[in-house]
Amino acid sequence: GCSPNYHGDPDLRANRSADILDEDNCSFWITNLPPDVTYTEFLSHIREIGRVFALSMTAPNATTGHETSAAKLVFFELRAAQLFWNRFPKYYSDGLVIRGYRAIIRHNRTKFAEITTLRDATRVVTISGPTSIVNISTLTKYFQARFYYETDDVNIIVKGQNFSVIEYRFSSYRAQAESAHRSLTTDVNMI
């Protein structure tokens, strides 16, 4: 089944499990995370491992008996997935501990193969332009009206009287950073 927290289309071909061996799976299911863990906090524990293709978090649900949060994490590259798996071994990992919660890490049952066609893709989108448009308030409202997203961080790189540069660090490339990029490059009102 599909989690009620999932905001995508479960029938989409790209959302189906890849026909690959377990050891070639770039997707992980991580449980026993702090109940109030944030995207920023989680990602801060896995920096320098590799590019994140997708990250989604599931909050605790008292009705189902789940008292901690969980996360689905997908890396672009198999090398990064293997590094993650080796650095934070399987069950009750000594390596991935967030605020005293020892993560339980498994390969996700919905398998994802390495993504070889997006070598330069990133979950970070840098936007530059007139300060009247390129500001956190305007861009956040713009993105919220177009797609669901979570951020790791939003940084003001340059803030001038007439020109600004802002960096959105989305939690996922898939359906978030790619949607932001697509929206910004096709919406003539934002140019």
# chains A, B, ... in the order shown; residues from 1 in each chain; ligands from 1
>>> residues_around(residues="Arg169 in chain A", least_positions_apart="4", cutoff="8 Å", atoms="only C-alpha atoms", output="list in words")
Arg123, Val124, Val125, Thr151, Asp152, Asp153 and Val154 of chain A
>>> select_by_dssp(residues="range 3-188 of chain A", states="helix (DSSP H, G or I)", output="CSV table (one decimal) with C-alpha atoms, in the first residue's frame")
chain,number,residue,atom,x,y,z
A,13,ARG,CA,5.5,4.2,-13.8
A,14,ALA,CA,8.4,6.1,-12.1
A,15,ASN,CA,6.9,5.3,-8.7
A,22,ASP,CA,18.6,-5.7,-3.4
A,23,GLU,CA,22.3,-4.7,-3.4
A,24,ASP,CA,21.6,-2.3,-6.3
A,39,TYR,CA,14.3,17.6,7.2
A,40,THR,CA,17.2,19.8,8.1
A,41,GLU,CA,18.1,17.8,11.1
A,42,PHE,CA,17.9,14.5,9.3
A,43,LEU,CA,19.9,15.7,6.3
A,44,SER,CA,22.6,17.2,8.6
A,62,ALA,CA,-0.7,7.1,17.6
A,63,THR,CA,-3.6,5.3,15.9
A,64,THR,CA,-1.3,2.8,14.2
A,78,LEU,CA,24.6,3.5,-6.2
A,79,ARG,CA,28.0,4.5,-4.8
A,80,ALA,CA,26.3,6.9,-2.3
A,81,ALA,CA,23.7,4.3,-1.4
A,82,GLN,CA,26.4,1.8,-0.7
A,83,LEU,CA,28.4,4.3,1.4
A,84,PHE,CA,25.2,5.1,3.4
A,85,TRP,CA,24.5,1.4,3.9
A,86,ASN,CA,28.1,0.7,5.0
A,87,ARG,CA,28.4,3.8,7.3
A,136,ILE,CA,11.7,34.5,0.3
A,137,SER,CA,8.1,35.6,0.8
A,138,THR,CA,7.3,35.9,-2.9
A,139,LEU,CA,9.1,32.7,-3.9
A,140,THR,CA,7.6,30.7,-1.1
A,141,LYS,CA,4.1,31.7,-2.0
A,142,TYR,CA,4.8,31.1,-5.7
A,143,PHE,CA,6.1,27.5,-5.0
A,144,GLN,CA,3.3,26.7,-2.5
A,173,TYR,CA,15.2,16.7,-6.4
A,174,ARG,CA,12.3,14.6,-7.6
A,175,ALA,CA,9.0,16.6,-7.8
A,176,GLN,CA,10.4,19.5,-5.7
A,177,ALA,CA,13.6,21.0,-7.1
A,178,GLU,CA,12.7,19.8,-10.6
A,179,SER,CA,9.2,21.4,-10.2
A,180,ALA,CA,10.7,24.6,-9.0
A,181,HIS,CA,13.1,24.8,-11.9
A,182,ARG,CA,10.3,23.8,-14.4
A,183,SER,CA,7.9,26.4,-13.0
A,184,LEU,CA,10.5,29.2,-13.0
A,185,THR,CA,11.7,28.5,-16.5
A,186,THR,CA,8.2,28.2,-18.1
A,188,VAL,CA,6.6,34.1,-18.2
>>> closest_atom_pairs(of="range 90-169 of chain A", to="range 26-30 of chain A", cutoff="8 Å", atoms="only C-alpha atoms", output="Markdown table")
| residue | atom | partner | partner_atom | distance |
| --- | --- | --- | --- | --- |
| A:Ala103 | CA | A:Ile30 | CA | 6.4 |
| A:Ile104 | CA | A:Ile30 | CA | 5.6 |
| A:Ile105 | CA | A:Ile30 | CA | 4.6 |
| A:Arg106 | CA | A:Trp29 | CA | 5.3 |
| A:His107 | CA | A:Phe28 | CA | 4.3 |
| A:Asn108 | CA | A:Phe28 | CA | 4.4 |
| A:Thr110 | CA | A:Ser27 | CA | 7.4 |
| A:Lys111 | CA | A:Ser27 | CA | 6.0 |
| A:Phe112 | CA | A:Cys26 | CA | 5.4 |
| A:Ala113 | CA | A:Cys26 | CA | 5.9 |
| A:Glu114 | CA | A:Cys26 | CA | 6.2 |
>>> select_by_dssp(residues="range 47-106 of chain A", states="strand (DSSP E or B)", output="list in words")
Val52, Phe53, Ala54, Leu55, Ser56, Met57, Thr58, Asn61, His66, Ser69, Ala70, Ala71, Lys72, Leu73, Val74, Phe75, Val97, Ile98, Tyr101, Arg102, Ile104, Ile105 and Arg106 of chain A
>>> residues_around(residues="Thr131 in chain A", least_positions_apart="3", cutoff="8 Å", atoms="only C-alpha atoms", output="MDAnalysis selection string")
chainID A and resid 134:135 159:164
>>> closest_residue(among="A:Gly100, A:Ala59, A:Glu48, A:Thr122", to="Ala71 in chain A", atoms="only C-alpha atoms")
A:Ala59
>>> residues_around(residues="Ile127 in chain A", least_positions_apart="6", cutoff="7 Å", atoms="only C-alpha atoms", output="CSV table (one decimal) with C-alpha atoms, in the first residue's frame")
chain,number,residue,atom,x,y,z
A,134,VAL,CA,13.5,37.1,-5.8
A,165,VAL,CA,20.1,35.7,-5.2
A,166,ILE,CA,18.3,33.1,-3.1
A,167,GLU,CA,19.1,29.4,-2.7
>>> atom_distance(atom1="CA of Asp36 in chain A", atom2="CA of Phe76 in chain A")
26.3 Å
>>> closest_residue(among="A:Leu33, A:Ile98, A:Leu55, A:Val74", to="Ile115 in chain A", atoms="only C-alpha atoms")
A:Val74
>>> closest_residue(among="A:Thr31, A:Ser17, A:Asn155, A:Ser69", to="Leu96 in chain A", atoms="only C-alpha atoms")
A:Thr31
>>> atom_distance(atom1="CA of Asn32 in chain A", atom2="CA of Glu67 in chain A")
8.3 Å
>>> decode(residues="range 117-135 of chain A", atoms="N, CA and C atoms", output="short mmCIF file (atom, residue, chain, number, x, y, z; two decimals), in the first residue's frame")
data_model
loop_
_atom_site.label_atom_id
_atom_site.label_comp_id
_atom_site.auth_asym_id
_atom_site.auth_seq_id
_atom_site.Cartn_x
_atom_site.Cartn_y
_atom_site.Cartn_z
N THR A 117 21.00 9.26 -15.76
CA THR A 117 20.71 10.28 -16.78
C THR A 117 20.72 11.70 -16.23
N LEU A 118 20.84 11.86 -14.93
CA LEU A 118 20.77 13.20 -14.32
C LEU A 118 22.06 13.52 -13.56
N ARG A 119 23.18 13.47 -14.24
CA ARG A 119 24.49 13.66 -13.60
C ARG A 119 24.67 15.01 -12.93
N ASP A 120 24.03 16.06 -13.46
CA ASP A 120 24.19 17.40 -12.90
C ASP A 120 23.00 17.85 -12.07
N ALA A 121 22.02 16.99 -11.87
CA ALA A 121 20.82 17.37 -11.13
C ALA A 121 21.12 17.52 -9.64
N THR A 122 20.40 18.43 -9.01
CA THR A 122 20.58 18.69 -7.59
C THR A 122 19.25 19.12 -6.98
N ARG A 123 19.12 18.92 -5.68
CA ARG A 123 17.92 19.35 -4.97
C ARG A 123 18.01 20.82 -4.58
N VAL A 124 19.13 21.46 -4.92
CA VAL A 124 19.35 22.87 -4.60
C VAL A 124 19.08 23.71 -5.84
N VAL A 125 18.21 24.71 -5.69
CA VAL A 125 17.87 25.61 -6.80
C VAL A 125 18.30 27.02 -6.39
N THR A 126 19.12 27.65 -7.22
CA THR A 126 19.56 29.02 -6.98
C THR A 126 18.81 29.93 -7.94
N ILE A 127 18.17 30.95 -7.39
CA ILE A 127 17.32 31.85 -8.16
C ILE A 127 17.88 33.26 -8.04
N SER A 128 18.04 33.92 -9.18
CA SER A 128 18.53 35.30 -9.16
C SER A 128 17.61 36.17 -9.99
N GLY A 129 17.52 37.43 -9.59
CA GLY A 129 16.68 38.36 -10.33
C GLY A 129 16.32 39.57 -9.50
N PRO A 130 15.32 40.30 -9.96
CA PRO A 130 14.90 41.52 -9.26
C PRO A 130 14.45 41.21 -7.82
N THR A 131 14.88 42.02 -6.88
CA THR A 131 14.54 41.81 -5.48
C THR A 131 13.04 41.81 -5.24
N SER A 132 12.29 42.51 -6.06
CA SER A 132 10.84 42.54 -5.90
C SER A 132 10.21 41.16 -6.13
N ILE A 133 10.88 40.30 -6.88
CA ILE A 133 10.40 38.94 -7.14
C ILE A 133 11.24 37.92 -6.39
N VAL A 134 12.55 38.10 -6.41
CA VAL A 134 13.46 37.14 -5.79
C VAL A 134 13.65 37.52 -4.32
N ASN A 135 12.66 37.10 -3.54
CA ASN A 135 12.70 37.24 -2.08
C ASN A 135 11.97 36.03 -1.51
#
